[in-house]
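Colleague: As input, take model38.cif (mmCIF, C-alpha atoms):
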```
data_protein
loop_
_atom_site.label_atom_id
_atom_site.label_comp_id
_atom_site.auth_asym_id
_atom_site.auth_seq_id
_atom_site.Cartn_x
_atom_site.Cartn_y
_atom_site.Cartn_z
CA MET R 478 57.25 -30.90 -28.39
CA PRO R 479 59.79 -31.45 -25.60
CA SER R 480 63.44 -30.77 -26.28
CA ARG R 481 64.20 -34.44 -25.76
CA PRO R 482 62.14 -36.73 -28.02
CA ARG R 483 59.62 -38.71 -26.05
CA GLY R 484 58.28 -42.14 -26.60
CA THR R 485 54.83 -43.56 -26.70
CA SER R 486 52.59 -45.56 -24.48
CA LEU R 487 52.49 -49.01 -25.99
CA ALA R 488 49.88 -51.05 -24.22
CA PRO R 489 47.30 -53.64 -25.24
CA PRO R 490 43.59 -52.99 -24.77
CA PRO R 491 42.17 -53.07 -21.22
CA SER R 492 41.44 -56.80 -21.45
CA THR R 493 45.06 -57.60 -22.22
CA PRO R 494 48.44 -56.60 -20.77
CA SER R 495 49.61 -53.04 -21.37
CA SER R 496 52.94 -51.29 -21.58
CA SER R 497 53.79 -47.65 -22.08
CA HIS R 498 56.88 -46.22 -23.65
CA ARG R 499 58.69 -43.01 -22.90
CA SER R 500 61.96 -41.46 -24.14
CA LEU R 501 63.05 -41.99 -27.76
CA THR R 502 60.25 -43.42 -29.85
CA PHE R 503 59.85 -43.68 -33.59
CA ALA R 504 56.90 -44.53 -35.79
CA SER R 505 57.41 -45.99 -39.26
CA LEU R 506 55.16 -45.00 -42.15
CA ALA R 507 53.93 -47.79 -44.35
CA PRO R 508 54.01 -46.84 -48.03
CA GLY R 509 50.81 -46.87 -50.03
CA THR R 510 51.45 -50.41 -51.25
CA ASP R 511 51.87 -51.68 -47.70
CA SER R 512 49.55 -49.51 -45.65
CA ALA R 513 46.56 -50.57 -43.64
CA PRO R 514 43.06 -49.66 -44.89
CA GLU R 515 41.97 -46.05 -44.44
CA PRO R 516 41.52 -45.67 -40.67
CA GLU R 517 38.15 -44.93 -39.14
CA ALA R 518 37.54 -41.55 -37.55
CA GLY R 519 39.58 -41.21 -34.36
CA VAL R 520 41.95 -44.07 -35.28
CA ARG R 521 45.58 -43.10 -35.84
CA ARG R 522 47.66 -44.28 -38.77
CA GLY R 523 50.85 -46.28 -38.59
CA ARG R 524 51.72 -49.74 -37.31
CA GLY R 525 55.47 -50.17 -36.94
CA ARG R 526 57.11 -48.55 -33.91
CA ALA R 527 60.19 -48.55 -31.70
CA GLY R 528 60.62 -47.03 -28.26
CA VAL R 529 61.46 -47.42 -24.59
CA VAL R 530 59.13 -49.02 -22.05
CA ASP R 531 57.65 -46.51 -19.64
CA ALA R 532 55.38 -48.74 -17.55
CA LEU R 533 53.85 -52.21 -17.61
CA GLY R 534 50.31 -53.40 -17.10
CA GLU R 535 49.25 -56.76 -15.74
CA GLY R 536 49.10 -60.01 -17.67
CA ALA R 537 51.27 -62.52 -19.49
CA GLY R 538 51.91 -60.15 -22.40
CA ALA R 539 53.97 -57.91 -20.17
CA THR R 540 56.24 -60.77 -19.09
CA GLY R 541 59.87 -60.31 -20.05
CA PHE R 542 59.82 -56.52 -20.27
CA ALA R 543 60.60 -53.82 -17.73
CA PRO R 544 60.52 -50.02 -17.70
CA GLY R 545 63.51 -48.70 -19.64
CA ASP R 546 63.68 -51.63 -22.06
CA GLU R 547 64.23 -50.69 -25.70
CA VAL R 548 61.62 -52.44 -27.82
CA MET R 549 60.22 -52.53 -31.35
CA GLY R 550 57.20 -53.97 -33.07
CA TRP R 551 53.56 -53.26 -33.82
CA THR R 552 50.94 -51.04 -32.22
CA ARG R 553 47.22 -51.65 -31.84
CA THR R 554 46.13 -48.02 -31.87
CA GLY R 555 48.32 -46.47 -34.54
CA ALA R 556 51.88 -45.23 -34.33
CA TYR R 557 51.34 -41.61 -35.36
CA ALA R 558 51.16 -40.45 -31.77
CA GLU R 559 53.29 -39.72 -28.72
CA TYR R 560 51.74 -42.73 -26.97
CA ALA R 561 50.24 -45.86 -28.50
CA ILE R 562 48.96 -49.26 -27.43
CA ALA R 563 51.43 -52.11 -27.91
CA GLY R 564 50.77 -55.05 -30.13
CA ASP R 565 53.48 -57.60 -30.82
CA ILE R 566 56.81 -56.26 -29.58
CA VAL R 567 60.31 -57.67 -29.15
CA ALA R 568 63.57 -56.40 -27.68
CA LYS R 569 65.43 -53.97 -29.94
CA PRO R 570 69.00 -55.10 -30.71
CA ALA R 571 71.54 -52.74 -29.19
CA GLY R 572 73.19 -52.21 -32.57
CA LEU R 573 69.99 -51.02 -34.22
CA SER R 574 68.98 -47.37 -34.15
CA PHE R 575 65.42 -46.47 -33.21
CA GLU R 576 64.79 -45.21 -36.73
CA GLN R 577 66.00 -48.47 -38.26
CA ALA R 578 64.04 -50.49 -35.71
CA ALA R 579 60.80 -48.70 -36.60
CA ALA R 580 61.33 -49.52 -40.27
CA VAL R 581 61.67 -53.27 -39.78
CA PRO R 582 58.38 -54.72 -38.40
CA VAL R 583 55.84 -54.00 -41.16
CA ALA R 584 58.12 -54.37 -44.19
CA GLY R 585 59.65 -57.53 -42.76
CA GLU R 586 56.37 -59.21 -41.84
CA THR R 587 54.76 -58.33 -45.15
CA ALA R 588 57.63 -59.66 -47.24
CA ARG R 589 58.02 -62.84 -45.18
CA ARG R 590 54.25 -63.51 -45.11
CA VAL R 591 53.89 -63.31 -48.89
CA LEU R 592 57.01 -65.36 -49.62
CA THR R 593 55.71 -68.01 -47.22
CA ARG R 594 52.31 -68.01 -48.93
CA LEU R 595 54.01 -68.33 -52.31
CA GLY R 596 56.01 -71.29 -51.02
CA LEU R 597 59.18 -69.96 -52.63
CA ARG R 598 62.10 -72.38 -52.62
CA GLY R 599 65.76 -72.28 -53.58
CA GLY R 600 66.34 -72.76 -57.29
CA GLU R 601 63.06 -71.10 -58.25
CA THR R 602 62.54 -67.70 -59.88
CA LEU R 603 60.62 -64.91 -58.19
CA LEU R 604 59.20 -61.87 -59.97
CA PRO R 605 58.58 -59.06 -57.46
CA HIS R 606 56.80 -55.98 -58.80
CA GLY R 607 57.89 -52.84 -56.96
CA ALA R 608 61.16 -54.51 -56.06
CA ALA R 609 62.88 -51.27 -55.01
CA GLY R 610 60.26 -50.31 -52.42
CA ALA R 611 60.70 -51.22 -48.77
CA VAL R 612 58.69 -54.45 -48.95
CA GLY R 613 60.14 -55.35 -52.34
CA GLN R 614 63.68 -54.85 -51.07
CA VAL R 615 63.15 -57.16 -48.14
CA ALA R 616 61.41 -59.78 -50.31
CA THR R 617 64.24 -59.64 -52.84
CA GLN R 618 66.93 -60.14 -50.20
CA LEU R 619 65.08 -62.92 -48.41
CA ALA R 620 64.47 -64.70 -51.73
CA VAL R 621 68.13 -64.43 -52.70
CA SER R 622 69.11 -65.81 -49.29
CA LEU R 623 66.91 -68.84 -50.01
CA GLY R 624 68.85 -69.48 -53.20
CA ALA R 625 66.12 -68.23 -55.52
CA SER R 626 66.69 -66.13 -58.62
CA VAL R 627 64.98 -62.73 -58.57
CA VAL R 628 63.87 -60.68 -61.57
CA GLY R 629 62.47 -57.45 -60.15
CA THR R 630 60.47 -54.71 -61.83
CA ALA R 631 61.44 -51.13 -61.03
CA SER R 632 62.09 -47.79 -62.67
CA PRO R 633 65.47 -47.53 -64.44
CA ALA R 634 66.76 -45.20 -61.74
CA ASN R 635 66.57 -48.12 -59.28
CA HIS R 636 68.19 -50.79 -61.46
CA ALA R 637 71.72 -50.42 -60.14
CA PHE R 638 70.36 -50.58 -56.60
CA LEU R 639 68.50 -53.83 -57.33
CA ARG R 640 71.61 -55.39 -58.84
CA ARG R 641 73.41 -54.71 -55.57
CA LEU R 642 70.67 -56.66 -53.79
CA GLY R 643 71.22 -59.62 -56.11
CA ALA R 644 68.28 -59.12 -58.45
CA VAL R 645 68.08 -58.78 -62.23
CA PRO R 646 66.12 -55.54 -62.81
CA VAL R 647 63.62 -54.97 -65.60
CA ALA R 648 61.73 -51.79 -66.43
CA TYR R 649 57.98 -51.33 -66.21
CA GLY R 650 55.86 -50.53 -69.24
CA GLU R 651 55.07 -51.90 -72.67
CA GLY R 652 57.05 -55.03 -73.48
CA LEU R 653 57.47 -56.05 -69.83
CA ALA R 654 56.59 -59.69 -70.49
CA ASP R 655 59.27 -59.96 -73.18
CA ARG R 656 61.87 -58.33 -70.94
CA VAL R 657 61.07 -60.73 -68.11
CA ARG R 658 61.27 -63.73 -70.44
CA ALA R 659 64.65 -62.54 -71.68
CA ALA R 660 65.90 -62.15 -68.11
CA ALA R 661 64.37 -65.45 -66.96
CA PRO R 662 64.19 -67.88 -69.92
CA GLN R 663 63.59 -70.65 -67.41
CA GLY R 664 60.23 -69.10 -66.56
CA VAL R 665 58.73 -67.42 -63.49
CA ASP R 666 57.72 -69.68 -60.61
CA ALA R 667 56.11 -67.07 -58.34
CA VAL R 668 55.01 -63.42 -58.49
CA PHE R 669 54.95 -60.97 -55.57
CA ASP R 670 53.03 -57.83 -56.52
CA ALA R 671 53.95 -54.91 -54.27
CA ALA R 672 53.23 -52.29 -56.93
CA GLY R 673 49.58 -52.68 -57.88
CA HIS R 674 49.75 -50.61 -61.06
CA GLY R 675 48.27 -52.88 -63.71
CA THR R 676 50.80 -55.63 -63.07
CA LEU R 677 48.40 -58.56 -62.69
CA PRO R 678 47.55 -59.24 -66.38
CA VAL R 679 51.21 -59.61 -67.33
CA SER R 680 51.85 -61.62 -64.16
CA VAL R 681 49.15 -64.13 -65.11
CA GLU R 682 50.58 -64.26 -68.63
CA LEU R 683 54.07 -64.99 -67.33
CA ARG R 684 52.67 -67.74 -65.12
CA GLY R 685 51.26 -69.48 -68.19
CA GLY R 686 47.75 -68.09 -67.90
CA THR R 687 47.18 -69.09 -64.28
CA ALA R 688 46.89 -67.04 -61.09
CA ASP R 689 48.55 -69.86 -59.18
CA ARG R 690 51.47 -68.62 -57.05
CA ILE R 691 50.71 -64.94 -57.59
CA VAL R 692 50.01 -62.80 -54.52
CA THR R 693 49.39 -59.05 -54.32
CA ILE R 694 49.47 -56.59 -51.45
CA ALA R 695 48.54 -53.64 -53.62
CA ALA R 696 46.22 -54.41 -56.57
CA THR R 697 42.61 -53.44 -55.90
CA ASP R 698 41.47 -55.47 -58.93
CA ALA R 699 43.00 -58.71 -57.63
CA ALA R 700 39.68 -60.59 -57.53
CA GLU R 701 39.12 -59.89 -61.23
CA TYR R 702 42.17 -62.01 -62.02
CA GLY R 703 41.67 -64.61 -59.32
CA VAL R 704 44.74 -63.38 -57.47
CA PRO R 705 44.69 -63.45 -53.65
CA PHE R 706 45.18 -60.16 -51.80
CA SER R 707 47.36 -60.72 -48.74
CA ALA R 708 46.71 -58.68 -45.61
CA ALA R 709 48.38 -58.92 -42.20
CA ASP R 710 47.03 -62.13 -40.67
CA THR R 711 50.18 -63.75 -39.30
CA PRO R 712 49.84 -65.29 -35.79
CA SER R 713 51.32 -63.12 -33.04
CA GLU R 714 53.97 -65.63 -32.03
CA VAL R 715 55.20 -65.82 -35.63
CA VAL R 716 55.16 -62.03 -36.00
CA ARG R 717 57.38 -61.70 -32.94
CA LEU R 718 59.73 -64.43 -34.17
CA TRP R 719 60.07 -62.86 -37.61
CA THR R 720 60.49 -59.35 -36.21
CA ALA R 721 63.32 -60.48 -33.95
CA GLU R 722 65.01 -62.38 -36.79
CA HIS R 723 64.77 -59.47 -39.21
CA ALA R 724 66.00 -57.01 -36.59
CA ARG R 725 69.09 -59.13 -35.95
CA LEU R 726 69.76 -59.39 -39.68
CA VAL R 727 69.55 -55.61 -40.14
CA ALA R 728 71.72 -54.98 -37.08
CA ASP R 729 74.34 -57.46 -38.32
CA GLY R 730 74.33 -56.13 -41.89
CA GLY R 731 72.68 -59.22 -43.36
CA LEU R 732 69.56 -57.34 -44.46
CA ALA R 733 69.46 -53.81 -45.86
CA LEU R 734 66.41 -51.61 -45.27
CA PRO R 735 67.35 -47.94 -45.64
CA VAL R 736 65.50 -45.14 -43.89
CA VAL R 737 65.21 -42.57 -46.66
CA ALA R 738 63.68 -39.73 -44.65
CA THR R 739 62.64 -38.80 -41.13
CA PHE R 740 60.01 -36.26 -40.09
CA PRO R 741 58.85 -34.93 -36.73
CA LEU R 742 55.36 -35.99 -35.71
CA ALA R 743 54.06 -32.49 -36.47
CA GLU R 744 54.93 -33.07 -40.15
CA ALA R 745 53.15 -36.43 -40.41
CA ALA R 746 51.01 -35.26 -43.33
CA GLU R 747 54.07 -34.40 -45.41
CA ALA R 748 55.68 -37.70 -44.46
CA GLN R 749 52.55 -39.57 -45.52
CA ARG R 750 52.52 -37.79 -48.89
CA LEU R 751 56.13 -38.78 -49.52
CA SER R 752 55.45 -42.36 -48.47
CA GLU R 753 52.44 -42.66 -50.78
CA ASP R 754 54.34 -41.19 -53.72
CA GLY R 755 55.27 -44.73 -54.75
CA HIS R 756 58.89 -43.89 -55.61
CA VAL R 757 60.50 -44.16 -52.17
CA ARG R 758 63.49 -46.51 -52.02
CA GLY R 759 63.14 -47.55 -48.39
CA LYS R 760 61.19 -46.38 -45.35
CA VAL R 761 59.91 -43.00 -44.21
CA VAL R 762 60.01 -42.62 -40.42
CA LEU R 763 58.31 -40.26 -37.97
CA THR R 764 60.29 -39.24 -34.89
CA VAL R 765 58.38 -38.47 -31.69
#
```
I'd like the structure from this file rewritten - as structure tokens, please.
Modeller:
Amino acid sequence: MPSRPRGTSLAPPPSTPSSSHRSLTFASLAPGTDSAPEPEAGVRRGRGRAGVVDALGEGAGATGFAPGDEVMGWTRTGAYAEYAIAGDIVAKPAGLSFEQAAAVPVAGETARRVLTRLGLRGGETLLPHGAAGAVGQVATQLAVSLGASVVGTASPANHAFLRRLGAVPVAYGEGLADRVRAAAPQGVDAVFDAAGHGTLPVSVELRGGTADRIVTIAATDAAEYGVPFSAADTPSEVVRLWTAEHARLVADGGLALPVVATFPLAEAAEAQRLSEDGHVRGKVVLTV
């Protein structure tokens, strides 16, 4: 490992434009509730990344960037590497650190995608499960900014934190439905499951026995309850738009997404274990 952290080569596949990144580069770990499927042999983990452009390939995708530009976004070949192929990238705001920038793309896109699918509107009530995780935090804050009420499930240790984000926290476990009804006597209009630990039965109950307006990113038994499982399928132009918007919000203090730990690339396995623990209040980031 060089004394000065190096970046990665972010470039699309041979048939599309490519760009490589050198200098400071960071790769963000997606927690277990937000991670991509188990990668095939030879495919690196990780999707969110931030770095500095090293070189550009040919094609329209390289338009607007130049060597030395600080960028952030998604990779096509996995971010757990010194160099990676670029997916959808945008300029990194000057006020955003590389670590913070790496944390934004995946959590932001996931939260925004599911809220959009749920059709959440101001005046409604959202129930996010796993509200204190990275995706849950972003979803909670975006929902509050829409004018929605948020009742979020989390462990008691995270309740004060959720109150600061504008949510009413409730604890997991037996009696959850009654606690949610007490916190939201008006009823629950939409459920965002980012936890995946047996939350769907009570979610359907709280929605009056229907799976309508319930979406999960974590429950492997979603089909059993008729609940859609949402995976990353947002069009590239929308991904870039959302990434830029979320980055500006974080840089300006309008959106909080804490980086709870950083690890060097050589300790990726330990970072992955921490991320998959399910009790991380924010993002775990690899530095390269």
Colleague: Would you kindly translate the PyMOL selection byres ((chain R and resi 524) around 6) into the concrete residues it picks from this file, as a PyMOL selection string?
Modeller: chain R and resi 523+525+551-552+555-556
Colleague: What do you get, as a list in words, if you spell out every residue that the PyMOL selection byres ((chain R and resi 576) around 10) selects here?
Modeller: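 So the PyMOL selection byres ((chain R and resi 576) around 10), applied here, picks out Leu501, Thr502, Phe503, Ala504, Ser505, Arg526, Ala527, Gly528, Leu573, Ser574, Phe575, Gln577, Ala578, Ala579, Ala580, Val581, Pro735, Val736, Ala738, Thr739, Lys760, Val761, Val762, Leu763 and Thr764 of chain R.
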Colleague: Quick one, how far is CA of Val692 (chain R) from CA of Gly599 (chain R)?
Modeller: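 The value is 18.4 Å.
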Colleague: Have a look at R:Leu683, R:Ala671, R:Val548, R:Leu603 and name the one nearest to Asp655 (chain R); count all atoms listed in the file.
Modeller: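 Closest residue, counting all atoms listed in the file: R:Leu683.
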Colleague: Near region 661-665 of chain R, counting all atoms listed in the file, which residues have an atom at most 10 Å away, once you skip same-chain residues fewer than 5 positions from it, shown as an NGL selection string?
Modeller: :R and (601-604 or 626-628 or 645 or 655-656 or 680 or 683-685 or 690)
Colleague: Would you mind exporting the chosen residues as a PDB file, in the coordinates of the input, restricted to C-alpha atoms?
Modeller:
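Written file, selection-v3.pdb:
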```pdb
ATOM      1  CA  GLU R 601      63.060 -71.100 -58.250  1.00  0.00           C
ATOM      2  CA  THR R 602      62.540 -67.700 -59.880  1.00  0.00           C
ATOM      3  CA  LEU R 603      60.620 -64.910 -58.190  1.00  0.00           C
ATOM      4  CA  LEU R 604      59.200 -61.870 -59.970  1.00  0.00           C
ATOM      5  CA  SER R 626      66.690 -66.130 -58.620  1.00  0.00           C
ATOM      6  CA  VAL R 627      64.980 -62.730 -58.570  1.00  0.00           C
ATOM      7  CA  VAL R 628      63.870 -60.680 -61.570  1.00  0.00           C
ATOM      8  CA  VAL R 645      68.080 -58.780 -62.230  1.00  0.00           C
ATOM      9  CA  ASP R 655      59.270 -59.960 -73.180  1.00  0.00           C
ATOM     10  CA  ARG R 656      61.870 -58.330 -70.940  1.00  0.00           C
ATOM     11  CA  SER R 680      51.850 -61.620 -64.160  1.00  0.00           C
ATOM     12  CA  LEU R 683      54.070 -64.990 -67.330  1.00  0.00           C
ATOM     13  CA  ARG R 684      52.670 -67.740 -65.120  1.00  0.00           C
ATOM     14  CA  GLY R 685      51.260 -69.480 -68.190  1.00  0.00           C
ATOM     15  CA  ARG R 690      51.470 -68.620 -57.050  1.00  0.00           C
TER      16      ARG R 690
END
```
